[in-house]
>>> print(open('final04.txt').read())   # compact mmCIF, C-alpha atoms
# COMPACT_ATOMS: atom_id res chain seq x y z
CA MET A 1 -52.87 -45.86 -27.87
CA ILE A 2 -51.91 -42.83 -25.88
CA LEU A 3 -49.57 -41.76 -28.68
CA PHE A 4 -52.48 -41.60 -31.13
CA ILE A 5 -54.48 -39.49 -28.73
CA LEU A 6 -51.58 -37.08 -28.20
CA ALA A 7 -51.17 -36.67 -31.95
CA VAL A 8 -54.86 -35.89 -32.36
CA PHE A 9 -54.65 -33.43 -29.49
CA LEU A 10 -52.06 -31.46 -31.44
CA PHE A 11 -54.51 -31.43 -34.35
CA LEU A 12 -57.24 -30.04 -32.09
CA ILE A 13 -54.94 -27.26 -30.91
CA GLY A 14 -54.46 -26.32 -34.55
CA VAL A 15 -58.23 -26.21 -35.07
CA TYR A 16 -58.56 -23.96 -32.03
CA GLY A 17 -55.97 -21.62 -33.51
CA VAL A 18 -57.85 -21.31 -36.81
CA VAL A 19 -61.28 -20.82 -35.29
CA ALA A 20 -60.75 -18.68 -32.22
CA LYS A 21 -57.89 -16.34 -32.93
CA ARG A 22 -58.13 -12.89 -34.46
CA ASN A 23 -54.64 -12.30 -35.67
CA LEU A 24 -53.84 -13.49 -39.18
CA ILE A 25 -50.41 -14.86 -38.29
CA LYS A 26 -51.92 -17.04 -35.55
CA ILE A 27 -54.37 -18.47 -38.08
CA VAL A 28 -51.48 -19.39 -40.38
CA ILE A 29 -49.66 -21.04 -37.46
CA GLY A 30 -52.82 -23.02 -36.71
CA ILE A 31 -53.03 -24.37 -40.27
CA ALA A 32 -49.37 -25.40 -40.18
CA LEU A 33 -49.86 -27.19 -36.83
CA MET A 34 -52.69 -29.22 -38.34
CA GLU A 35 -50.43 -30.34 -41.18
CA TYR A 36 -47.61 -31.37 -38.83
CA SER A 37 -49.90 -33.41 -36.63
CA VAL A 38 -51.34 -35.37 -39.55
CA ASN A 39 -47.86 -36.23 -40.84
CA LEU A 40 -46.88 -37.49 -37.38
CA PHE A 41 -50.01 -39.61 -37.12
CA LEU A 42 -49.36 -41.34 -40.46
CA ILE A 43 -45.83 -42.30 -39.43
CA LEU A 44 -47.07 -43.55 -36.07
CA VAL A 45 -49.44 -45.97 -37.80
CA GLY A 46 -46.69 -47.47 -39.89
CA TYR A 47 -44.22 -48.35 -37.13
CA VAL A 48 -43.18 -51.93 -36.39
CA LYS A 49 -41.72 -52.74 -32.96
CA GLY A 50 -38.03 -53.49 -33.24
CA GLY A 51 -37.90 -52.54 -36.92
CA THR A 52 -35.19 -50.66 -38.81
CA ALA A 53 -35.25 -48.09 -41.58
CA PRO A 54 -36.20 -49.53 -45.01
CA ILE A 55 -32.77 -49.20 -46.63
CA LEU A 56 -30.66 -52.13 -47.74
CA THR A 57 -27.10 -51.76 -46.51
CA GLU A 58 -24.22 -54.19 -46.18
CA GLY A 59 -24.08 -56.15 -42.99
CA MET A 60 -27.75 -55.79 -42.06
CA THR A 61 -29.28 -57.94 -39.39
CA LYS A 62 -32.50 -59.80 -39.87
CA ASP A 63 -34.75 -57.21 -38.28
CA PRO A 64 -38.11 -56.52 -39.93
CA PHE A 65 -38.47 -53.36 -41.98
CA VAL A 66 -40.61 -50.39 -41.05
CA ASP A 67 -43.40 -49.72 -43.54
CA PRO A 68 -42.08 -47.62 -46.49
CA LEU A 69 -45.43 -46.64 -47.96
CA PRO A 70 -46.51 -44.00 -45.39
CA GLN A 71 -42.98 -42.59 -45.46
CA ALA A 72 -43.21 -42.01 -49.20
CA MET A 73 -46.56 -40.25 -48.83
CA VAL A 74 -45.43 -38.04 -45.96
CA LEU A 75 -42.22 -37.07 -47.79
CA THR A 76 -44.24 -35.25 -50.43
CA ALA A 77 -46.69 -33.94 -47.85
CA ILE A 78 -43.95 -32.07 -45.98
CA VAL A 79 -42.88 -30.16 -49.09
CA ILE A 80 -46.50 -29.39 -49.97
CA GLY A 81 -46.97 -27.98 -46.46
CA LEU A 82 -44.08 -25.62 -47.00
CA ALA A 83 -45.56 -24.41 -50.31
CA THR A 84 -48.96 -23.78 -48.70
CA THR A 85 -47.47 -21.85 -45.78
CA ALA A 86 -45.37 -19.68 -48.11
CA LEU A 87 -48.42 -18.78 -50.21
CA LEU A 88 -50.48 -17.92 -47.11
CA LEU A 89 -47.71 -15.67 -45.82
CA ALA A 90 -47.50 -13.84 -49.16
CA ILE A 91 -51.25 -13.16 -48.98
CA ALA A 92 -50.87 -11.98 -45.37
CA ILE A 93 -48.18 -9.47 -46.24
CA ARG A 94 -50.34 -8.09 -49.06
CA ILE A 95 -53.26 -7.68 -46.68
CA TYR A 96 -51.03 -5.84 -44.24
CA LYS A 97 -49.95 -3.38 -46.88
CA LYS A 98 -53.49 -2.61 -47.92
CA TYR A 99 -55.23 -2.37 -44.55
CA GLY A 100 -52.44 -1.62 -42.11
CA THR A 101 -53.39 -4.28 -39.58
CA PHE A 102 -53.45 -8.04 -39.11
CA ASP A 103 -56.74 -8.10 -37.21
CA ILE A 104 -59.44 -9.91 -39.15
CA ARG A 105 -62.35 -8.00 -37.67
CA GLU A 106 -61.16 -4.79 -39.22
CA ILE A 107 -60.63 -6.11 -42.72
CA LYS A 108 -64.11 -7.44 -43.23
CA ASN A 109 -65.42 -4.47 -45.18
CA LEU A 110 -64.79 -4.96 -48.87
CA LYS A 111 -63.34 -1.60 -49.64
CA GLY A 112 -62.27 -0.92 -53.18
CA MET B 113 -31.16 -4.86 -46.82
CA LYS B 114 -27.71 -4.47 -45.35
CA GLY B 115 -25.35 -7.32 -44.72
CA MET B 116 -24.10 -8.62 -41.43
CA THR B 117 -20.86 -8.19 -39.50
CA ILE B 118 -17.50 -9.23 -40.79
CA ILE B 119 -17.29 -12.45 -38.79
CA VAL B 120 -20.46 -13.72 -40.42
CA LYS B 121 -19.19 -12.73 -43.85
CA LYS B 122 -15.89 -14.58 -43.46
CA VAL B 123 -17.48 -17.74 -42.10
CA THR B 124 -20.05 -17.69 -44.90
CA GLN B 125 -17.32 -17.43 -47.52
CA MET B 126 -15.70 -20.54 -46.13
CA ILE B 127 -18.80 -22.62 -45.57
CA CYS B 128 -21.30 -22.01 -48.35
CA GLY B 129 -19.36 -24.02 -50.93
CA VAL B 130 -19.26 -27.03 -48.61
CA ILE B 131 -23.01 -26.85 -48.06
CA PHE B 132 -23.63 -26.71 -51.81
CA LEU B 133 -21.46 -29.81 -52.39
CA TYR B 134 -23.20 -31.64 -49.55
CA GLY B 135 -26.57 -30.93 -51.14
CA ILE B 136 -25.40 -32.28 -54.51
CA TYR B 137 -24.04 -35.41 -52.78
CA ILE B 138 -27.41 -36.11 -51.18
CA ILE B 139 -29.24 -35.62 -54.49
CA VAL B 140 -26.98 -37.90 -56.53
CA HIS B 141 -26.82 -40.72 -53.96
CA GLY B 142 -30.57 -40.70 -53.52
CA HIS B 143 -31.01 -44.35 -54.40
CA LEU B 144 -28.33 -45.65 -52.03
CA THR B 145 -28.56 -43.67 -48.80
CA PRO B 146 -31.42 -41.79 -47.17
CA GLY B 147 -32.18 -38.47 -48.78
CA GLY B 148 -33.14 -38.12 -52.39
CA GLY B 149 -34.29 -35.21 -54.48
CA PHE B 150 -36.40 -33.29 -51.96
CA ALA B 151 -33.93 -33.12 -49.08
CA GLY B 152 -30.97 -32.37 -51.34
CA GLY B 153 -32.83 -29.64 -53.21
CA ALA B 154 -33.78 -27.91 -49.97
CA ILE B 155 -30.15 -28.02 -48.78
CA VAL B 156 -28.86 -26.51 -52.05
CA SER B 157 -31.34 -23.65 -51.77
CA GLY B 158 -30.26 -23.20 -48.16
CA SER B 159 -26.73 -22.45 -49.26
CA PHE B 160 -27.90 -19.71 -51.64
CA ILE B 161 -30.19 -18.17 -49.02
CA LEU B 162 -27.29 -18.09 -46.56
CA LEU B 163 -25.20 -16.19 -49.09
CA ILE B 164 -27.92 -13.60 -49.68
CA LEU B 165 -28.65 -13.10 -45.99
CA ALA B 166 -25.02 -12.64 -45.01
CA PHE B 167 -23.98 -10.18 -47.69
CA GLY B 168 -27.10 -8.06 -48.06
CA SER B 169 -29.27 -7.49 -51.06
CA GLU B 170 -27.69 -4.35 -52.50
CA PHE B 171 -24.92 -6.58 -53.66
CA LEU B 172 -27.02 -8.43 -56.27
CA ALA B 173 -29.07 -7.42 -59.29
CA LEU B 174 -32.27 -8.79 -57.82
CA LYS B 175 -34.57 -8.71 -60.83
CA LYS B 176 -32.09 -10.61 -62.99
CA GLU B 177 -31.53 -13.26 -60.30
CA GLU B 178 -35.20 -13.86 -59.93
CA THR B 179 -35.77 -14.26 -63.65
CA GLY B 180 -32.89 -16.73 -63.84
CA SER B 181 -34.12 -18.96 -61.03
CA SER B 182 -37.66 -18.94 -62.42
CA ILE B 183 -36.44 -20.13 -65.80
CA LEU B 184 -34.38 -22.87 -64.10
CA GLU B 185 -37.40 -24.13 -62.19
CA SER B 186 -39.62 -24.30 -65.26
CA SER B 187 -37.03 -26.15 -67.29
CA ALA B 188 -36.42 -28.66 -64.47
CA ILE B 189 -40.04 -29.72 -64.34
CA LEU B 190 -40.09 -29.89 -68.15
CA ILE B 191 -37.16 -32.32 -68.06
CA PHE B 192 -39.05 -34.44 -65.53
CA LEU B 193 -42.04 -34.66 -67.87
CA ILE B 194 -39.91 -35.45 -70.89
CA ILE B 195 -38.21 -38.38 -69.13
CA ALA B 196 -41.59 -39.70 -68.03
CA ALA B 197 -43.01 -39.42 -71.53
CA LEU B 198 -39.95 -41.12 -73.05
CA GLY B 199 -40.81 -44.13 -70.93
CA MET B 200 -44.07 -44.32 -72.79
CA VAL B 201 -42.34 -44.42 -76.16
CA ILE B 202 -39.30 -46.57 -75.49
CA GLY B 203 -40.44 -49.11 -72.90
CA GLY B 204 -42.49 -51.84 -74.40
CA VAL B 205 -45.68 -51.42 -72.43
CA GLY B 206 -46.96 -48.04 -73.50
CA VAL B 207 -47.86 -46.46 -70.17
CA PHE B 208 -46.42 -43.45 -68.36
CA PHE B 209 -43.33 -43.77 -66.10
CA VAL B 210 -41.76 -46.99 -67.28
CA ASN B 211 -38.25 -47.60 -65.97
CA PHE B 212 -36.55 -48.14 -69.31
CA LEU B 213 -32.82 -47.89 -68.65
CA PRO B 214 -31.04 -51.07 -67.51
CA LYS B 215 -30.97 -51.76 -63.80
CA GLY B 216 -27.50 -52.77 -62.74
CA THR B 217 -26.46 -54.46 -59.54
CA ILE B 218 -27.97 -53.12 -56.31
CA GLY B 219 -25.62 -50.82 -54.43
CA GLN B 220 -23.57 -49.35 -57.26
CA LEU B 221 -23.73 -45.67 -58.12
CA ILE B 222 -24.94 -46.28 -61.67
CA SER B 223 -27.92 -48.54 -61.13
CA ALA B 224 -31.68 -48.44 -60.71
CA GLY B 225 -32.44 -47.35 -64.25
CA VAL B 226 -33.96 -43.92 -64.60
CA ILE B 227 -34.28 -43.10 -60.88
CA PRO B 228 -31.06 -41.01 -60.55
CA LEU B 229 -32.21 -38.79 -63.45
CA PHE B 230 -35.54 -38.25 -61.70
CA ASN B 231 -33.69 -37.36 -58.51
CA ILE B 232 -31.58 -34.74 -60.28
CA ALA B 233 -34.62 -33.15 -61.97
CA VAL B 234 -36.64 -32.98 -58.74
CA GLY B 235 -33.63 -31.62 -56.82
CA MET B 236 -33.16 -28.78 -59.31
CA GLU B 237 -36.85 -28.00 -59.20
CA VAL B 238 -37.15 -27.83 -55.42
CA ALA B 239 -33.98 -25.71 -55.07
CA ALA B 240 -35.10 -23.20 -57.70
CA ALA B 241 -38.65 -23.01 -56.27
CA LEU B 242 -37.50 -22.19 -52.73
CA LEU B 243 -35.00 -19.64 -54.02
CA THR B 244 -37.69 -17.94 -56.15
CA ILE B 245 -40.05 -17.63 -53.19
CA PHE B 246 -37.32 -16.06 -51.07
CA LEU B 247 -36.25 -13.63 -53.80
CA ALA B 248 -39.85 -12.60 -54.47
CA LEU B 249 -40.36 -11.65 -50.81
CA LEU B 250 -37.05 -9.78 -50.80
CA ILE B 251 -37.85 -7.78 -53.95
CA TYR B 252 -41.28 -6.94 -52.56
CA ARG B 253 -39.72 -5.64 -49.39
CA ASP B 254 -37.04 -3.61 -51.10
CA GLU B 255 -39.01 -1.97 -53.84
CA VAL B 256 -42.59 -1.74 -52.68
CA LEU B 257 -42.47 -1.34 -48.93
CA LYS B 258 -39.55 1.13 -49.18
CA MET C 259 -38.63 -45.78 -26.41
CA GLU C 260 -42.32 -45.14 -26.09
CA LEU C 261 -41.65 -43.12 -22.95
CA LEU C 262 -39.25 -40.86 -24.84
CA LEU C 263 -41.84 -40.35 -27.58
CA ILE C 264 -44.49 -39.41 -25.01
CA VAL C 265 -42.18 -36.86 -23.35
CA ILE C 266 -41.30 -35.21 -26.66
CA MET C 267 -44.93 -35.06 -27.77
CA VAL C 268 -45.95 -33.42 -24.49
CA LEU C 269 -43.19 -30.86 -25.07
CA MET C 270 -44.55 -30.22 -28.58
CA ILE C 271 -48.06 -29.72 -27.24
CA GLY C 272 -46.75 -27.26 -24.67
CA GLY C 273 -44.90 -25.33 -27.37
CA ALA C 274 -48.03 -25.21 -29.55
CA ILE C 275 -50.20 -23.88 -26.75
CA PHE C 276 -47.63 -21.22 -25.88
CA SER C 277 -47.28 -20.20 -29.50
CA LEU C 278 -50.99 -19.53 -29.84
CA GLU C 279 -51.34 -17.61 -26.59
CA ALA C 280 -48.31 -15.34 -26.78
CA ARG C 281 -48.86 -11.60 -27.16
CA ASP C 282 -45.66 -10.86 -29.01
CA LEU C 283 -45.68 -12.31 -32.51
CA LEU C 284 -41.95 -13.00 -32.55
CA SER C 285 -42.26 -15.21 -29.46
CA ALA C 286 -45.10 -17.06 -31.16
CA VAL C 287 -42.96 -17.86 -34.17
CA ILE C 288 -40.04 -19.04 -32.08
CA ALA C 289 -42.30 -21.31 -30.05
CA TYR C 290 -43.62 -22.68 -33.34
CA GLY C 291 -40.04 -23.70 -34.06
CA ILE C 292 -40.13 -25.99 -31.00
CA VAL C 293 -42.94 -28.00 -32.59
CA GLY C 294 -41.03 -28.35 -35.85
CA PHE C 295 -37.76 -29.47 -34.33
CA GLY C 296 -39.46 -31.81 -31.90
CA LEU C 297 -41.00 -33.45 -34.95
CA VAL C 298 -37.48 -34.12 -36.29
CA ILE C 299 -36.60 -36.09 -33.13
CA CYS C 300 -39.87 -38.00 -33.40
CA PHE C 301 -39.11 -38.97 -36.99
CA LEU C 302 -35.66 -40.21 -36.00
CA LEU C 303 -37.07 -42.32 -33.17
CA LEU C 304 -39.63 -43.84 -35.57
CA GLN C 305 -36.85 -44.97 -37.95
CA ALA C 306 -37.51 -42.57 -40.85
CA PRO C 307 -34.22 -40.80 -41.73
CA ASP C 308 -35.40 -39.38 -45.10
CA LEU C 309 -38.20 -37.52 -43.42
CA ALA C 310 -35.96 -36.13 -40.68
CA LEU C 311 -33.63 -34.62 -43.30
CA VAL C 312 -36.47 -32.99 -45.23
CA GLN C 313 -38.26 -31.74 -42.12
CA ILE C 314 -35.23 -30.05 -40.58
CA VAL C 315 -34.39 -28.03 -43.69
CA VAL C 316 -38.01 -27.15 -44.46
CA GLU C 317 -38.59 -26.00 -40.89
CA THR C 318 -35.56 -23.69 -41.02
CA ILE C 319 -36.73 -22.11 -44.28
CA THR C 320 -40.27 -21.66 -42.92
CA LEU C 321 -38.92 -19.90 -39.82
CA ILE C 322 -36.82 -17.56 -41.97
CA ILE C 323 -39.82 -16.58 -44.12
CA MET C 324 -42.08 -16.06 -41.10
CA ILE C 325 -39.57 -13.86 -39.30
CA ALA C 326 -39.06 -11.83 -42.47
CA VAL C 327 -42.82 -11.27 -42.75
CA ILE C 328 -43.18 -10.27 -39.10
CA LEU C 329 -40.25 -7.89 -38.96
CA ASN C 330 -41.65 -5.95 -41.90
CA SER C 331 -44.94 -5.29 -40.20
CA THR C 332 -46.33 -5.01 -36.73
CA ARG C 333 -44.94 -7.02 -33.90
CA GLU C 334 -47.61 -7.18 -31.27
CA GLU C 335 -51.14 -8.39 -31.20
CA THR C 336 -53.88 -6.24 -29.81
CA GLU C 337 -56.45 -8.31 -27.93
CA HIS C 338 -59.42 -6.36 -26.68
CA GLY C 339 -60.32 -8.73 -23.87
CA LYS C 340 -63.14 -11.23 -23.71
CA GLY C 341 -66.39 -10.45 -25.43
CA ARG C 342 -69.81 -11.34 -24.18
CA ARG C 343 -70.10 -14.37 -26.42
CA SER C 344 -67.21 -16.22 -24.85
CA VAL C 345 -69.25 -18.47 -22.53
CA VAL C 346 -71.37 -19.87 -25.35
CA PHE C 347 -68.24 -20.24 -27.40
CA ALA C 348 -66.43 -22.24 -24.71
CA LEU C 349 -69.45 -24.51 -24.31
CA PHE C 350 -69.55 -25.27 -28.01
CA ALA C 351 -65.81 -25.86 -28.01
CA PHE C 352 -66.01 -28.45 -25.22
CA ALA C 353 -68.91 -30.21 -26.90
CA PHE C 354 -67.00 -30.41 -30.16
CA ILE C 355 -63.84 -31.71 -28.50
CA GLY C 356 -65.77 -34.35 -26.57
CA LEU C 357 -67.60 -35.61 -29.67
CA PHE C 358 -64.40 -35.68 -31.71
CA LEU C 359 -62.43 -37.64 -29.10
CA TYR C 360 -65.26 -40.13 -28.63
CA PHE C 361 -65.53 -40.95 -32.33
CA PHE C 362 -61.76 -41.01 -32.68
CA ASP C 363 -61.51 -43.54 -29.88
CA ARG C 364 -64.06 -45.76 -31.59
CA THR C 365 -62.16 -45.53 -34.86
CA THR C 366 -58.75 -46.39 -33.51
CA ARG C 367 -60.02 -49.56 -31.93
CA THR C 368 -60.15 -51.00 -35.42
CA LEU C 369 -56.51 -50.12 -36.00
CA SER C 370 -53.87 -52.40 -34.52
CA ALA C 371 -52.04 -51.34 -31.39
CA PHE C 372 -48.96 -49.19 -31.75
CA GLY C 373 -46.15 -51.31 -33.12
CA GLU C 374 -48.02 -54.27 -34.50
CA HIS C 375 -48.55 -53.61 -38.13
CA THR C 376 -50.49 -55.69 -40.61
CA LEU C 377 -50.97 -53.90 -43.90
CA ARG C 378 -51.06 -56.18 -46.92
CA MET C 379 -49.92 -53.59 -49.48
CA SER C 380 -46.58 -53.10 -47.78
CA LYS C 381 -45.66 -56.76 -48.06
CA ALA C 382 -46.28 -56.52 -51.80
CA TYR C 383 -43.85 -53.59 -51.97
CA LEU C 384 -41.18 -54.83 -49.57
CA GLN C 385 -40.56 -58.33 -50.88
CA PRO C 386 -39.76 -57.76 -54.56
CA GLY C 387 -38.92 -54.07 -54.09
CA ALA C 388 -35.15 -54.10 -54.36
CA GLN C 389 -35.07 -56.58 -57.23
CA GLN C 390 -37.71 -54.93 -59.37
CA THR C 391 -36.65 -51.30 -59.03
CA GLY C 392 -32.93 -51.90 -58.57
CA SER C 393 -32.46 -49.27 -55.85
CA ALA C 394 -31.17 -49.95 -52.36
CA ASN C 395 -33.28 -47.21 -50.82
CA LEU C 396 -36.80 -48.62 -50.78
CA VAL C 397 -38.51 -45.29 -50.07
CA THR C 398 -36.98 -43.77 -53.22
CA GLY C 399 -38.01 -46.85 -55.16
CA VAL C 400 -41.60 -46.46 -53.99
CA ILE C 401 -41.65 -42.72 -54.77
CA PHE C 402 -40.21 -42.79 -58.26
CA ASP C 403 -41.07 -46.22 -59.58
CA TYR C 404 -44.20 -47.64 -58.02
CA ARG C 405 -45.82 -44.25 -57.30
CA GLY C 406 -44.27 -41.94 -59.87
CA TYR C 407 -47.52 -40.22 -60.77
CA ASP C 408 -47.96 -38.90 -57.24
CA THR C 409 -44.49 -37.34 -57.38
CA LEU C 410 -45.48 -35.59 -60.61
CA GLY C 411 -48.52 -34.19 -58.81
CA GLU C 412 -46.36 -32.95 -55.95
CA ALA C 413 -43.95 -31.19 -58.31
CA THR C 414 -46.93 -29.52 -59.96
CA ILE C 415 -48.24 -28.26 -56.62
CA LEU C 416 -44.86 -26.75 -55.74
CA PHE C 417 -44.69 -25.06 -59.15
CA THR C 418 -48.22 -23.67 -58.77
CA ALA C 419 -47.43 -22.29 -55.32
CA VAL C 420 -44.44 -20.39 -56.70
CA ILE C 421 -46.56 -18.94 -59.51
CA GLY C 422 -49.18 -17.99 -56.92
CA VAL C 423 -46.62 -16.12 -54.80
CA LEU C 424 -45.33 -14.24 -57.84
CA ALA C 425 -48.86 -13.33 -58.89
CA VAL C 426 -50.05 -12.23 -55.45
CA LEU C 427 -47.10 -9.96 -54.89
CA ARG C 428 -47.66 -8.54 -58.36
CA LEU C 429 -44.09 -8.67 -59.41
CA LYS C 430 -44.86 -9.46 -63.01
CA GLY C 431 -47.38 -7.23 -64.66
CA ARG C 432 -48.49 -3.71 -64.36
CA LYS C 433 -47.11 -1.24 -61.86
CA GLU C 434 -48.71 -0.25 -58.57
CA LYS C 435 -51.50 2.20 -59.19
CA GLU C 436 -51.39 3.89 -55.80
>>> encode(input="final04.txt", output="structure tokens")
Amino acid sequence: MILFILAVFLFLIGVYGVVAKRNLIKIVIGIALMEYSVNLFLILVGYVKGGTAPILTEGMTKDPFVDPLPQAMVLTAIVIGLATTALLLAIAIRIYKKYGTFDIREIKNLKG
Amino acid sequence: MKGMTIIVKKVTQMICGVIFLYGIYIIVHGHLTPGGGFAGGAIVSGSFILLILAFGSEFLALKKEETGSSILESSAILIFLIIAALGMVIGGVGVFFVNFLPKGTIGQLISAGVIPLFNIAVGMEVAAALLTIFLALLIYRDEVLK
Amino acid sequence: MELLLIVIMVLMIGGAIFSLEARDLLSAVIAYGIVGFGLVICFLLLQAPDLALVQIVVETITLIIMIAVILNSTREETEHGKGRRSVVFALFAFAFIGLFLYFFDRTTRTLSAFGEHTLRMSKAYLQPGAQQTGSANLVTGVIFDYRGYDTLGEATILFTAVIGVLAVLRLKGRKEKE
């Protein structure tokens, strides 16, 4: 149980980073931390005590397999997280070129 | 962007071919060992990024490279769709994504029907996508930020 | 094994807190790397080797892109000290955290304990999995044969993100007007 609570605590740190920080790079780091913590939580749910990886090899023992369905979902989620972070960083570097700063309180005016 | 020192350049010349072959090995053996299309594609793009970082960007024709990798990515996802749609025509059921090639014995290299072809298409697509993102940021830095 | 997982997760939480509170942006990005690589060790301990491979390469590429973005712009963060709204803000934050943890605790009582696992869908995929798909790697069989449509969606998202990066940086299209 304590492992679930630690994973959700990492998620809450990510939420704190998005809500309370003023620098744009810290907001992007917060979003990425939320994605990592959710991936970890899904794999924690699917673990079987004493299980092995779900791959058939020669000379396997009769251990039970770990659940392969959350692993398939999280495999695509990791690559999607990378795509999202890259797009956010491209937007951040455009904002820096236009306004000269990363601080979100100074880029609130919609200048033309 | 300038390149790095001569030690880094020599080590990169020796290593980047090995990394590329390792990435292709992980893509092709995706149905036998852990790995598959996504991990192998990321490793292949890692070898290209290493080459660009070690030798500097004045060494390449950046616009042409970026056009080439963008065309490769689009054609890889088109191949993925064509194989999926062929399953609708050839397999007897008439739905998307039918595994229509014969499945051999488990554990051989040529087995599991159409899954190795999917692995190769996804590997090409992930490698070209990561390389295009990196080249776009590099071109932006070189030509716009001056 | 659980003790090792707890130690590594505490290390990840420490790295995350440091990365959000650092003044220098380069230190923040390097501390963010601790979280990513700690996740690789967690995936290996939870018997998921595919995910560990993908996560280690993706984390390296993310760090390269972040450092490239930071070194082309400013490197420090200018905090102007605490404002006058910070007491109300802290109160709301504690209330939110308390409510969240209470409801989360009630929800996870319906899940099984860590390690005992009773999902019915997985038995339907594990038993005939190797025979029906023909592949020895069951995770690849689930991705490309039982759940192929989701993989098509993921490839589409990656493609759209690349088009988005090219469009935002305005590399194709008209020239800069300024």
>>> residues_around(input="final04.txt", residues="Gly152 (chain B)", least_positions_apart="2", cutoff="6 Å", atoms="all atoms listed in the file", output="CSV table (one decimal) with C-alpha atoms, in the coordinates of the input")
chain,number,residue,atom,x,y,z
B,135,GLY,CA,-26.6,-30.9,-51.1
B,138,ILE,CA,-27.4,-36.1,-51.2
B,139,ILE,CA,-29.2,-35.6,-54.5
B,149,GLY,CA,-34.3,-35.2,-54.5
B,150,PHE,CA,-36.4,-33.3,-52.0
B,154,ALA,CA,-33.8,-27.9,-50.0
B,155,ILE,CA,-30.2,-28.0,-48.8
>>> atom_distance(input="final04.txt", atom1="CA of Leu410 (chain C)", atom2="CA of Val79 (chain A)")
13.0 Å
>>> closest_residue(input="final04.txt", among="A:Gln71, A:Thr52, A:Asn109, A:Thr57", to="chain B", atoms="all atoms listed in the file")
A:Thr57
>>> closest_atom_pairs(input="final04.txt", of="chain B", to="chain A", cutoff="12 Å", atoms="all atoms listed in the file", output="Markdown table")
| residue | atom | partner | partner_atom | distance |
| --- | --- | --- | --- | --- |
| B:Gly142 | CA | A:Ile55 | CA | 11.2 |
| B:His143 | CA | A:Ile55 | CA | 9.3 |
| B:Leu144 | CA | A:Ile55 | CA | 7.8 |
| B:Thr145 | CA | A:Ile55 | CA | 7.3 |
| B:Pro146 | CA | A:Ile55 | CA | 7.6 |
| B:Gly147 | CA | A:Leu75 | CA | 10.2 |
| B:Gly148 | CA | A:Leu75 | CA | 10.2 |
| B:Gly149 | CA | A:Leu75 | CA | 10.5 |
| B:Phe150 | CA | A:Val79 | CA | 7.7 |
| B:Ala151 | CA | A:Leu75 | CA | 9.3 |
| B:Gly153 | CA | A:Val79 | CA | 10.9 |
| B:Ala154 | CA | A:Val79 | CA | 9.4 |
| B:Ile218 | CA | A:Leu56 | CA | 9.0 |
| B:Gly219 | CA | A:Thr57 | CA | 8.1 |
| B:Gln220 | CA | A:Thr57 | CA | 11.6 |
| B:Val234 | CA | A:Thr76 | CA | 11.5 |
| B:Glu237 | CA | A:Val79 | CA | 12.0 |
| B:Val238 | CA | A:Val79 | CA | 8.9 |
| B:Ala239 | CA | A:Val79 | CA | 11.6 |
| B:Ala241 | CA | A:Ala83 | CA | 9.2 |
| B:Leu242 | CA | A:Ala83 | CA | 8.7 |
| B:Leu243 | CA | A:Ala86 | CA | 11.9 |
| B:Thr244 | CA | A:Ala86 | CA | 11.3 |
| B:Ile245 | CA | A:Ala86 | CA | 7.6 |
| B:Phe246 | CA | A:Ala86 | CA | 9.3 |
| B:Ala248 | CA | A:Ala90 | CA | 9.4 |
| B:Leu249 | CA | A:Ala90 | CA | 7.6 |
| B:Leu250 | CA | A:Ala90 | CA | 11.3 |
| B:Tyr252 | CA | A:Ile93 | CA | 9.7 |
| B:Arg253 | CA | A:Ile93 | CA | 9.8 |
| B:Val256 | CA | A:Lys97 | CA | 9.5 |
| B:Leu257 | CA | A:Lys97 | CA | 8.0 |
| B:Lys258 | CA | A:Lys97 | CA | 11.6 |
>>> closest_atom_pairs(input="final04.txt", of="chain C", to="chain A", cutoff="7 Å", atoms="only C-alpha atoms", output="Markdown table")
| residue | atom | partner | partner_atom | distance |
| --- | --- | --- | --- | --- |
| C:Ile264 | CA | A:Leu3 | CA | 6.7 |
| C:Met267 | CA | A:Leu6 | CA | 7.0 |
| C:Ile271 | CA | A:Leu10 | CA | 6.1 |
| C:Leu278 | CA | A:Lys26 | CA | 6.3 |
| C:Leu304 | CA | A:Tyr47 | CA | 6.6 |
| C:Gln305 | CA | A:Ala53 | CA | 5.0 |
| C:Ala306 | CA | A:Ala53 | CA | 6.0 |
| C:Leu309 | CA | A:Leu75 | CA | 6.0 |
| C:Gln313 | CA | A:Ile78 | CA | 6.9 |
| C:Val316 | CA | A:Leu82 | CA | 6.8 |
| C:Thr320 | CA | A:Leu82 | CA | 6.8 |
| C:Val327 | CA | A:Ile93 | CA | 6.6 |
| C:Glu335 | CA | A:Asn23 | CA | 6.9 |
| C:Ala371 | CA | A:Met1 | CA | 6.6 |
| C:Phe372 | CA | A:Met1 | CA | 6.4 |
| C:Gly373 | CA | A:Val48 | CA | 4.5 |
| C:Glu374 | CA | A:Val48 | CA | 5.7 |
| C:His375 | CA | A:Val48 | CA | 5.9 |
| C:Ser380 | CA | A:Asp67 | CA | 6.3 |
| C:Ala394 | CA | A:Leu56 | CA | 5.1 |
| C:Asn395 | CA | A:Ile55 | CA | 4.7 |
| C:Leu396 | CA | A:Ile55 | CA | 5.8 |
| C:Val397 | CA | A:Pro68 | CA | 5.6 |
| C:Val400 | CA | A:Ala72 | CA | 6.7 |
| C:Ile401 | CA | A:Ala72 | CA | 5.8 |
| C:Glu412 | CA | A:Thr76 | CA | 6.3 |
| C:Ile415 | CA | A:Ile80 | CA | 7.0 |
| C:Leu416 | CA | A:Ala83 | CA | 6.0 |
| C:Ala419 | CA | A:Ala83 | CA | 5.8 |
| C:Gly422 | CA | A:Leu87 | CA | 6.8 |
| C:Val423 | CA | A:Leu87 | CA | 5.6 |
| C:Val426 | CA | A:Ile91 | CA | 6.6 |
| C:Leu427 | CA | A:Arg94 | CA | 6.9 |
